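Shown next: coords_31.cif, given as mmCIF, C-alpha atoms.
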```cif
data_model
#
loop_
_atom_site.group_PDB
_atom_site.id
_atom_site.type_symbol
_atom_site.label_atom_id
_atom_site.label_comp_id
_atom_site.auth_asym_id
_atom_site.auth_seq_id
_atom_site.Cartn_x
_atom_site.Cartn_y
_atom_site.Cartn_z
ATOM 1 C CA MET A 43 -15.137 -1.008 -2.278
ATOM 2 C CA THR A 44 -15.228 -0.294 -6.014
ATOM 3 C CA LEU A 45 -12.922 1.953 -8.010
ATOM 4 C CA GLU A 46 -15.740 4.513 -8.167
ATOM 5 C CA ASP A 47 -15.981 4.469 -4.365
ATOM 6 C CA ALA A 48 -12.209 4.901 -4.029
ATOM 7 C CA LEU A 49 -12.182 7.851 -6.432
ATOM 8 C CA HIS A 50 -15.040 9.450 -4.508
ATOM 9 C CA ARG A 51 -13.019 9.217 -1.299
ATOM 10 C CA LEU A 52 -9.969 10.719 -2.983
ATOM 11 C CA ALA A 53 -12.066 13.743 -3.904
ATOM 12 C CA GLY A 54 -11.642 14.940 -0.319
ATOM 13 C CA THR A 55 -7.865 14.552 -0.249
ATOM 14 C CA PRO A 56 -4.860 16.432 -1.691
ATOM 15 C CA TYR A 57 -5.095 14.117 -4.731
ATOM 16 C CA ARG A 58 -8.403 15.654 -5.813
ATOM 17 C CA LYS A 59 -6.952 18.202 -8.279
ATOM 18 C CA TYR A 60 -5.801 15.566 -10.742
ATOM 19 C CA VAL A 61 -8.043 12.622 -9.778
ATOM 20 C CA ARG A 62 -11.376 14.425 -10.243
ATOM 21 C CA THR A 63 -11.498 13.739 -14.005
ATOM 22 C CA ALA A 64 -10.266 10.128 -13.786
ATOM 23 C CA VAL A 65 -12.651 7.269 -14.495
ATOM 24 C CA GLU A 66 -10.485 4.285 -15.437
ATOM 25 C CA LEU A 67 -7.734 2.745 -13.302
ATOM 26 C CA PRO A 68 -4.731 3.816 -15.451
ATOM 27 C CA ASP A 69 -5.940 7.428 -15.473
ATOM 28 C CA ALA A 70 -6.548 7.367 -11.716
ATOM 29 C CA GLN A 71 -3.115 5.944 -10.943
ATOM 30 C CA ARG A 72 -1.440 8.437 -13.233
ATOM 31 C CA ALA A 73 -3.366 11.242 -11.541
ATOM 32 C CA VAL A 74 -1.991 10.135 -8.179
ATOM 33 C CA SER A 75 1.538 10.187 -9.583
ATOM 34 C CA ALA A 76 0.938 13.599 -11.148
ATOM 35 C CA THR A 77 -0.121 14.899 -7.734
ATOM 36 C CA LEU A 78 3.107 13.615 -6.206
ATOM 37 C CA LEU A 79 5.143 15.286 -8.946
ATOM 38 C CA TRP A 80 3.335 18.590 -8.339
ATOM 39 C CA GLN A 81 4.101 18.314 -4.616
ATOM 40 C CA LEU A 82 7.790 17.722 -5.363
ATOM 41 C CA ARG A 83 7.888 20.695 -7.732
ATOM 42 C CA VAL A 84 6.360 22.910 -5.049
ATOM 43 C CA LEU A 85 8.882 21.606 -2.536
ATOM 44 C CA ALA A 86 11.702 22.346 -4.979
ATOM 45 C CA GLY A 87 10.422 25.899 -5.309
ATOM 46 C CA TRP A 88 10.698 26.407 -1.558
ATOM 47 C CA LEU A 89 14.316 25.294 -1.420
ATOM 48 C CA PRO A 90 17.289 27.674 -1.593
ATOM 49 C CA PRO A 91 19.011 28.080 -4.975
ATOM 50 C CA GLY A 92 20.614 24.801 -5.956
ATOM 51 C CA GLY A 93 18.113 22.705 -4.000
ATOM 52 C CA GLY A 94 16.962 21.104 -7.218
ATOM 53 C CA ARG A 95 20.211 19.125 -7.295
ATOM 54 C CA LEU A 96 18.939 17.251 -4.248
ATOM 55 C CA LEU A 97 15.435 16.585 -5.580
ATOM 56 C CA ARG A 98 16.255 15.844 -9.213
ATOM 57 C CA PRO A 99 17.621 12.318 -8.632
ATOM 58 C CA LEU A 100 14.733 11.519 -6.280
ATOM 59 C CA ALA A 101 12.220 12.528 -8.978
ATOM 60 C CA ALA A 102 14.061 10.726 -11.788
ATOM 61 C CA GLY A 103 11.370 8.042 -11.995
ATOM 62 C CA PHE A 104 9.028 10.509 -13.687
ATOM 63 C CA GLU A 105 11.512 11.061 -16.510
ATOM 64 C CA VAL A 106 11.927 7.285 -16.819
ATOM 65 C CA ALA A 107 8.132 6.973 -17.031
ATOM 66 C CA ASN A 108 8.051 9.614 -19.767
ATOM 67 C CA VAL A 109 10.587 7.675 -21.820
ATOM 68 C CA ALA A 110 8.784 4.360 -21.265
ATOM 69 C CA SER A 111 5.476 5.917 -22.364
ATOM 70 C CA ARG A 112 7.155 7.579 -25.324
ATOM 71 C CA LEU A 113 8.506 4.219 -26.485
ATOM 72 C CA SER A 114 5.039 2.667 -26.170
ATOM 73 C CA ALA A 115 3.519 5.538 -28.125
ATOM 74 C CA GLN A 116 6.121 5.135 -30.878
ATOM 75 C CA ASN A 117 5.009 1.523 -31.300
ATOM 76 C CA GLY A 118 1.521 2.749 -32.171
ATOM 77 C CA PRO A 119 -1.862 2.718 -30.455
ATOM 78 C CA GLY A 120 -2.390 -0.916 -31.415
ATOM 79 C CA ALA A 121 0.456 -1.958 -29.124
ATOM 80 C CA ASP A 122 -0.719 0.138 -26.180
ATOM 81 C CA PRO A 123 -4.327 1.374 -25.818
ATOM 82 C CA GLN A 124 -3.090 4.320 -23.752
ATOM 83 C CA ALA A 125 -0.506 5.403 -26.331
ATOM 84 C CA ALA A 126 -2.772 7.656 -28.369
ATOM 85 C CA ALA A 127 -3.740 9.734 -25.321
ATOM 86 C CA TRP A 128 -0.286 9.787 -23.767
ATOM 87 C CA GLN A 129 0.964 13.071 -22.321
ATOM 88 C CA PRO A 130 4.334 13.431 -20.586
ATOM 89 C CA TYR A 131 4.689 14.366 -16.954
ATOM 90 C CA ARG A 132 5.536 18.048 -16.667
ATOM 91 C CA LEU A 133 8.849 18.036 -14.836
ATOM 92 C CA GLY A 134 9.806 21.693 -14.699
ATOM 93 C CA ALA A 135 12.985 22.248 -12.703
ATOM 94 C CA LEU A 136 13.093 18.544 -11.799
ATOM 95 C CA GLU A 137 13.953 17.385 -15.308
ATOM 96 C CA THR A 138 17.374 15.976 -16.094
ATOM 97 C CA ALA A 139 17.270 15.908 -19.886
ATOM 98 C CA TRP A 140 13.609 15.626 -20.852
ATOM 99 C CA ARG A 141 13.540 18.599 -23.234
ATOM 100 C CA ARG A 142 16.249 16.857 -25.241
ATOM 101 C CA LEU A 143 14.674 13.403 -24.957
ATOM 102 C CA GLU A 144 11.237 14.720 -25.930
ATOM 103 C CA HIS A 145 12.495 15.575 -29.396
ATOM 104 C CA ALA A 146 14.031 12.144 -30.042
ATOM 105 C CA HIS A 147 11.923 10.350 -32.654
ATOM 106 C CA THR A 148 13.502 6.890 -32.603
ATOM 107 C CA PRO A 149 15.053 4.598 -29.976
ATOM 108 C CA ALA A 150 18.462 5.305 -31.500
ATOM 109 C CA GLU A 151 17.929 9.042 -31.056
ATOM 110 C CA LEU A 152 16.777 8.458 -27.472
ATOM 111 C CA ARG A 153 19.967 6.536 -26.760
ATOM 112 C CA ALA A 154 22.087 9.311 -28.228
ATOM 113 C CA ALA A 155 20.270 11.951 -26.170
ATOM 114 C CA LEU A 156 20.695 9.915 -22.980
ATOM 115 C CA ALA A 157 24.383 9.376 -23.693
ATOM 116 C CA ALA A 158 24.883 13.142 -24.024
ATOM 117 C CA SER A 159 23.212 13.815 -20.656
ATOM 118 C CA ALA A 160 23.673 13.024 -16.972
ATOM 119 C CA TRP A 161 21.817 9.745 -17.574
ATOM 120 C CA GLY A 162 24.681 8.282 -19.568
ATOM 121 C CA ASP A 163 24.651 5.735 -22.386
ATOM 122 C CA PRO A 164 22.258 2.839 -21.618
ATOM 123 C CA GLY A 165 24.330 0.542 -23.823
ATOM 124 C CA ALA A 166 21.750 -0.282 -26.515
ATOM 125 C CA ASP A 167 18.671 1.226 -28.117
ATOM 126 C CA THR A 168 16.139 -1.526 -27.433
ATOM 127 C CA PRO A 169 13.183 -0.379 -25.293
ATOM 128 C CA TRP A 170 14.310 -2.714 -22.485
ATOM 129 C CA ALA A 171 17.884 -1.391 -22.474
ATOM 130 C CA LEU A 172 16.757 2.233 -22.562
ATOM 131 C CA VAL A 173 14.290 1.982 -19.670
ATOM 132 C CA SER A 174 16.209 -0.477 -17.477
ATOM 133 C CA GLY A 175 19.430 1.441 -18.036
ATOM 134 C CA MET A 176 17.745 4.647 -16.904
ATOM 135 C CA ARG A 177 16.373 2.960 -13.795
ATOM 136 C CA MET A 178 19.780 1.688 -12.766
ATOM 137 C CA ALA A 179 21.352 5.049 -13.597
ATOM 138 C CA ALA A 180 18.745 6.711 -11.364
ATOM 139 C CA ALA A 181 19.826 4.488 -8.470
ATOM 140 C CA ARG A 182 23.471 5.353 -9.101
ATOM 141 C CA ARG A 183 22.740 9.079 -9.327
ATOM 142 C CA THR A 184 20.702 9.002 -6.112
ATOM 143 C CA ALA A 185 23.424 7.185 -4.198
ATOM 144 C CA THR A 186 25.961 9.794 -5.334
ATOM 145 C CA ALA A 187 23.932 12.988 -4.920
ATOM 146 C CA VAL A 188 21.729 12.145 -1.912
ATOM 147 C CA PRO A 189 23.803 10.532 0.869
ATOM 148 C CA SER A 190 20.812 10.040 3.170
ATOM 149 C CA ALA A 191 19.094 8.014 0.427
ATOM 150 C CA ARG A 192 22.117 5.870 -0.446
ATOM 151 C CA ARG A 193 20.759 2.819 1.396
ATOM 152 C CA TRP A 194 17.504 3.045 -0.534
ATOM 153 C CA ALA A 195 19.381 3.394 -3.819
ATOM 154 C CA ARG A 196 21.428 0.272 -3.151
ATOM 155 C CA GLY A 197 18.321 -1.663 -2.207
ATOM 156 C CA ARG A 198 16.664 -0.497 -5.420
ATOM 157 C CA ALA A 199 19.703 -1.565 -7.449
ATOM 158 C CA ALA A 200 19.513 -5.029 -5.856
ATOM 159 C CA LEU A 201 15.848 -5.336 -6.822
ATOM 160 C CA LEU A 202 16.491 -4.183 -10.391
ATOM 161 C CA THR A 203 19.407 -6.557 -10.867
ATOM 162 C CA ALA A 204 17.575 -9.538 -9.364
ATOM 163 C CA ARG A 205 14.509 -8.946 -11.516
ATOM 164 C CA GLU A 206 16.402 -8.511 -14.769
ATOM 165 C CA VAL A 207 18.882 -11.367 -14.295
ATOM 166 C CA PHE A 208 16.950 -14.008 -12.361
ATOM 167 C CA VAL A 209 13.335 -13.349 -13.408
ATOM 168 C CA HIS A 210 13.631 -12.087 -16.983
ATOM 169 C CA GLN A 211 16.884 -14.007 -17.629
ATOM 170 C CA ARG A 212 18.488 -10.994 -19.291
ATOM 171 C CA ARG A 213 22.127 -10.096 -19.507
ATOM 172 C CA LEU A 214 22.720 -6.580 -18.209
ATOM 173 C CA SER A 215 24.056 -4.080 -20.711
ATOM 174 C CA GLU A 216 27.614 -3.057 -19.919
ATOM 175 C CA PRO A 217 26.688 0.431 -18.608
ATOM 176 C CA MET A 218 23.907 -1.068 -16.484
ATOM 177 C CA ARG A 219 26.271 -3.713 -15.156
ATOM 178 C CA ARG A 220 28.846 -1.022 -14.355
ATOM 179 C CA ASP A 221 26.292 1.022 -12.395
ATOM 180 C CA ALA A 222 25.082 -2.087 -10.560
ATOM 181 C CA ALA A 223 28.642 -3.088 -9.688
ATOM 182 C CA GLU A 224 29.335 0.390 -8.318
ATOM 183 C CA LEU A 225 26.366 0.026 -5.968
ATOM 184 C CA LEU A 226 26.456 -3.704 -5.183
ATOM 185 C CA GLY A 227 29.983 -4.896 -5.960
ATOM 186 C CA SER A 228 31.126 -7.003 -8.917
ATOM 187 C CA ARG A 229 30.913 -10.281 -7.009
ATOM 188 C CA ALA A 230 27.188 -9.843 -6.450
ATOM 189 C CA VAL A 231 26.448 -8.672 -9.985
ATOM 190 C CA ASP A 232 28.322 -11.646 -11.467
ATOM 191 C CA ALA A 233 26.739 -14.214 -9.114
ATOM 192 C CA PRO A 234 25.674 -17.407 -10.933
ATOM 193 C CA SER A 235 22.490 -17.928 -8.912
ATOM 194 C CA PHE A 236 19.921 -15.959 -6.959
ATOM 195 C CA ARG A 237 21.101 -17.548 -3.720
ATOM 196 C CA ASP A 238 24.691 -16.495 -4.419
ATOM 197 C CA PHE A 239 23.513 -13.030 -5.399
ATOM 198 C CA ARG A 240 21.775 -12.581 -2.037
ATOM 199 C CA ALA A 241 24.813 -13.838 -0.124
ATOM 200 C CA ARG A 242 27.248 -11.533 -1.931
ATOM 201 C CA LEU A 243 25.278 -8.304 -1.527
ATOM 202 C CA PRO A 244 26.758 -5.610 0.743
ATOM 203 C CA SER A 245 24.902 -5.008 3.997
ATOM 204 C CA GLU A 246 23.432 -1.725 2.683
ATOM 205 C CA ALA A 247 21.576 -3.738 0.012
ATOM 206 C CA ARG A 248 21.161 -7.222 1.510
ATOM 207 C CA TRP A 249 18.281 -6.127 3.756
ATOM 208 C CA VAL A 250 15.889 -5.756 0.850
ATOM 209 C CA LEU A 251 16.073 -9.476 0.012
ATOM 210 C CA ALA A 252 15.880 -10.769 3.581
ATOM 211 C CA ASP A 253 13.657 -13.880 3.720
ATOM 212 C CA VAL A 254 13.170 -13.845 -0.072
ATOM 213 C CA GLU A 255 14.261 -17.324 -1.097
ATOM 214 C CA GLU A 256 13.150 -17.371 -4.728
ATOM 215 C CA PRO A 257 13.070 -14.746 -7.508
ATOM 216 C CA GLU A 258 9.300 -15.107 -7.911
ATOM 217 C CA ASP A 259 8.901 -13.629 -4.417
ATOM 218 C CA LEU A 260 10.603 -10.364 -5.334
ATOM 219 C CA TRP A 261 7.260 -8.562 -5.031
ATOM 220 C CA ARG A 262 7.596 -9.051 -1.265
ATOM 221 C CA ALA A 263 11.035 -7.457 -1.400
ATOM 222 C CA GLU A 264 9.536 -4.538 -3.325
ATOM 223 C CA ALA A 265 6.967 -4.065 -0.558
ATOM 224 C CA ARG A 266 9.743 -4.236 2.074
ATOM 225 C CA TRP A 267 11.722 -1.573 0.191
ATOM 226 C CA TRP A 268 8.765 0.825 0.338
ATOM 227 C CA ARG A 269 8.111 0.124 4.022
ATOM 228 C CA VAL A 270 11.742 0.855 4.874
ATOM 229 C CA VAL A 271 11.698 4.074 2.850
ATOM 230 C CA ASP A 272 8.537 5.086 4.721
ATOM 231 C CA ARG A 273 10.027 4.291 8.136
ATOM 232 C CA ASP A 274 13.324 6.011 7.387
ATOM 233 C CA GLY A 275 11.624 9.047 5.869
ATOM 234 C CA ALA A 276 9.292 9.456 8.844
ATOM 235 C CA GLY A 277 12.314 9.215 11.132
ATOM 236 C CA MET A 278 14.064 11.995 9.230
ATOM 237 C CA LEU A 279 11.015 14.220 9.668
ATOM 238 C CA ARG A 280 10.705 13.437 13.387
ATOM 239 C CA ASP A 281 14.342 14.361 13.856
ATOM 240 C CA GLY A 282 13.207 17.971 13.510
ATOM 241 C CA ARG A 283 16.430 19.429 12.135
ATOM 242 C CA SER A 284 16.031 21.645 9.088
ATOM 243 C CA GLY A 285 18.253 20.740 6.181
ATOM 244 C CA PRO A 286 18.692 18.258 3.326
ATOM 245 C CA GLN A 287 17.734 15.258 5.451
ATOM 246 C CA GLU A 288 14.350 16.790 6.283
ATOM 247 C CA VAL A 289 13.701 17.396 2.581
ATOM 248 C CA VAL A 290 14.617 13.800 1.720
ATOM 249 C CA GLY A 291 12.315 12.570 4.483
ATOM 250 C CA ALA A 292 9.417 14.604 3.085
ATOM 251 C CA VAL A 293 9.998 13.217 -0.418
ATOM 252 C CA ALA A 294 10.079 9.681 0.981
ATOM 253 C CA VAL A 295 6.829 9.985 2.939
ATOM 254 C CA LEU A 296 4.986 11.649 0.056
ATOM 255 C CA SER A 297 6.241 9.030 -2.410
ATOM 256 C CA VAL A 298 5.221 6.096 -0.241
ATOM 257 C CA ASP A 299 1.765 7.555 0.276
ATOM 258 C CA ALA A 300 1.272 7.906 -3.483
ATOM 259 C CA TRP A 301 2.515 4.351 -4.053
ATOM 260 C CA ARG A 302 0.080 2.963 -1.494
ATOM 261 C CA VAL A 303 -2.819 4.945 -2.951
ATOM 262 C CA ARG A 304 -2.044 3.553 -6.399
ATOM 263 C CA ALA A 305 -2.014 0.031 -4.954
ATOM 264 C CA ALA A 306 -5.299 0.652 -3.135
ATOM 265 C CA LEU A 307 -6.891 1.878 -6.364
ATOM 266 C CA GLU A 308 -5.822 -1.286 -8.141
ATOM 267 C CA SER A 309 -7.216 -3.421 -5.338
ATOM 268 C CA ALA A 310 -10.528 -1.542 -5.539
ATOM 269 C CA ALA A 311 -10.628 -1.903 -9.330
ATOM 270 C CA ARG A 312 -10.229 -5.655 -8.947
ATOM 271 C CA ALA A 313 -12.963 -5.880 -6.314
ATOM 272 C CA GLY A 314 -10.523 -6.598 -3.500
ATOM 273 C CA ARG A 315 -8.887 -9.600 -5.174
ATOM 274 C CA LEU A 316 -5.445 -8.176 -4.338
ATOM 275 C CA LEU A 317 -6.064 -8.072 -0.589
ATOM 276 C CA GLU A 318 -3.197 -10.417 0.334
ATOM 277 C CA GLU A 319 -0.716 -8.403 -1.725
ATOM 278 C CA PHE A 320 -2.110 -5.104 -0.456
ATOM 279 C CA ASP A 321 -1.775 -6.286 3.156
ATOM 280 C CA ALA A 322 1.904 -6.906 2.448
ATOM 281 C CA LEU A 323 2.277 -3.404 1.059
ATOM 282 C CA VAL A 324 0.901 -1.658 4.119
#
```
Represent the structure of the file as structure tokens.
Amino acid sequence: MTLEDALHRLAGTPYRKYVRTAVELPDAQRAVSATLLWQLRVLAGWLPPGGGRLLRPLAAGFEVANVASRLSAQNGPGADPQAAAWQPYRLGALETAWRRLEHAHTPAELRAALAASAWGDPGADTPWALVSGMRMAAARRTATAVPSARRWARGRAALLTAREVFVHQRRLSEPMRRDAAELLGSRAVDAPSFRDFRARLPSEARWVLADVEEPEDLWRAEARWWRVVDRDGAGMLRDGRSGPQEVVGAVAVLSVDAWRVRAALESAARAGRLLEEFDALV
């Protein structure tokens, strides 16, 4: 299957509204994400007043993506071919601080805007610190505001910490370390090796690294994280009780579907050369 074939098939699905104008892989994958965001905004509109407080942390990745794209655009089109055509995701009621962040013209201004918001100070104004700090803050915010997603948030924090420390060999900024320690415990965050890190994780986070012996295999842990979110979310929906848990389950199932579609599009664009990885995802 080619990317053109995959896009043709998506034309008969709920992704068609945004995918119909896509031709290249980055545009197609972004269109899938934009569809998910629209679905979450519609869901937020159906909730009673105050329901946005539940969905906002779960949709925080879109605001992180806006900041990451904004930083790439600020570096100029030569650094990122997509920068010139970049448009932010439209977050509506799901934004945390985007209207403030959108008007920041430098990394230093972005840091200041984050520090004055629910995101908190990322600890530095380098692109890495800004984006990674937001990702860890998103995990912390989810664990606090969405109890039924706390296990997912801790698993995500474990993945973020392992990737930054043991793959990229980076020292966590102090705010990022503080958020990670809140979710994983100081002993795990300060572990001298990947093996020690795995052993020191709390049970609510250790599952994500089960059978992952080396940092270079973290992509398998990422796939496991999504499969668990899918299974847990489907279970919440099958439970049949109306309430916050049912909403969280719907967000989980919709998010996993979009993630898998993005992966399938990439596999199609590469003429099936990602089949082994894609099999692990599904």
Quiz prompt | Chain and number of each residue from the PyMOL selection byres ((chain A and resi 293) around 12), as a VMD selection string | solution = chain A and resid 78 to 86 96 to 101 188 190 to 191 271 to 272 274 to 276 278 to 279 286 to 292 294 to 300
Quiz prompt | Hits of the PyMOL selection byres ((chain A and resi 264) around 9) in this structure, as a list of chain:residue names | solution =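 Evaluating the PyMOL selection byres ((chain A and resi 264) around 9) on this file yields A:Arg198, A:Leu201, A:Val250, A:Leu251, A:Leu260, A:Trp261, A:Arg262, A:Ala263, A:Ala265, A:Arg266, A:Trp267, A:Trp268, A:Arg269, A:Leu323.
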Quiz item: How many Å lie between CA of Ala230 in chain A and CA of Val106 in chain A, rounded to one decimal?
Solution: 25.2 Å
Quiz prompt | Neighbour residues at most 10 Å from (24.6, 7.9, -8.4) (all atoms listed in the file) as a PyMOL selection string | solution = chain A and resi 99+161+178-189+192+195-196+221+224-225
Quiz item: Rounded to one decimal in Å, what is the spacing between CA of Ala200 in chain A and CA of Leu214 in chain A?
Solution: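 We find that CA of Ala200 in chain A and CA of Leu214 in chain A lie 12.9 Å from each other.
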Quiz item: Which residue, A:Leu89, A:Ala247, A:Val254, A:Leu133, has the smallest gap to Ser75 in chain A when you use all atoms listed in the file?
Solution: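 Once distances to Ser75 in chain A are computed over all atoms listed in the file, the minimum belongs to A:Leu133.
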Quiz prompt | Residue nearest Ala158 in chain A among A:Ser174, A:Ser111, A:Gln71, A:Thr138 (counting only C-alpha atoms) | solution =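 Nearest candidate to Ala158 in chain A out of A:Ser174, A:Ser111, A:Gln71, A:Thr138: A:Thr138.
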Exercise. Taking the point (-3.1, 7.9, -6.5) as given in the file, collect each protein or nucleic acid residue that comes within 7 Å of it, counting only C-alpha atoms, and present the set as a VMD selection string.
Key: chain A and resid 57 70 to 75 300 303 to 304
Quiz item: Which of these, A:Gly227, A:Val173, A:Ala76, A:Gly165, has the shortest distance to Arg112 in chain A once you count all atoms listed in the file?
Solution: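 Smallest separation from Arg112 in chain A among the options: A:Val173.
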Practice problem: Mind giving me the straight-line distance from CA of Thr63 in chain A to CA of Gly103 in chain A in Å, one decimal? | Solution: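 Separation of CA of Thr63 in chain A and CA of Gly103 in chain A: 23.7 Å.
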Quiz prompt | Explicit residue set for the PyMOL selection byres ((chain A and resi 108) around 9), as a list in words | solution = Gly103, Phe104, Glu105, Val106, Ala107, Val109, Ala110, Ser111, Arg112, Leu113, Gln129, Pro130, Tyr131, Trp140 and Glu144 of chain A
Quiz item: So which one's closest to Pro169 in chain A, A:Val231, A:Leu202, A:Ala115, A:Val207? Using all atoms listed in the file, please.
Solution: A:Ala115
With 5 Å on each side, where is the centre of the axis-aligned box around all listed atoms of range 170-177 of chain A, and how long are its edges in Å to one decimal, as JSON?
```
{"center_x": 16.9, "center_y": 1.0, "center_z": -18.2, "size_x": 15.1, "size_y": 17.4, "size_z": 18.8}
```
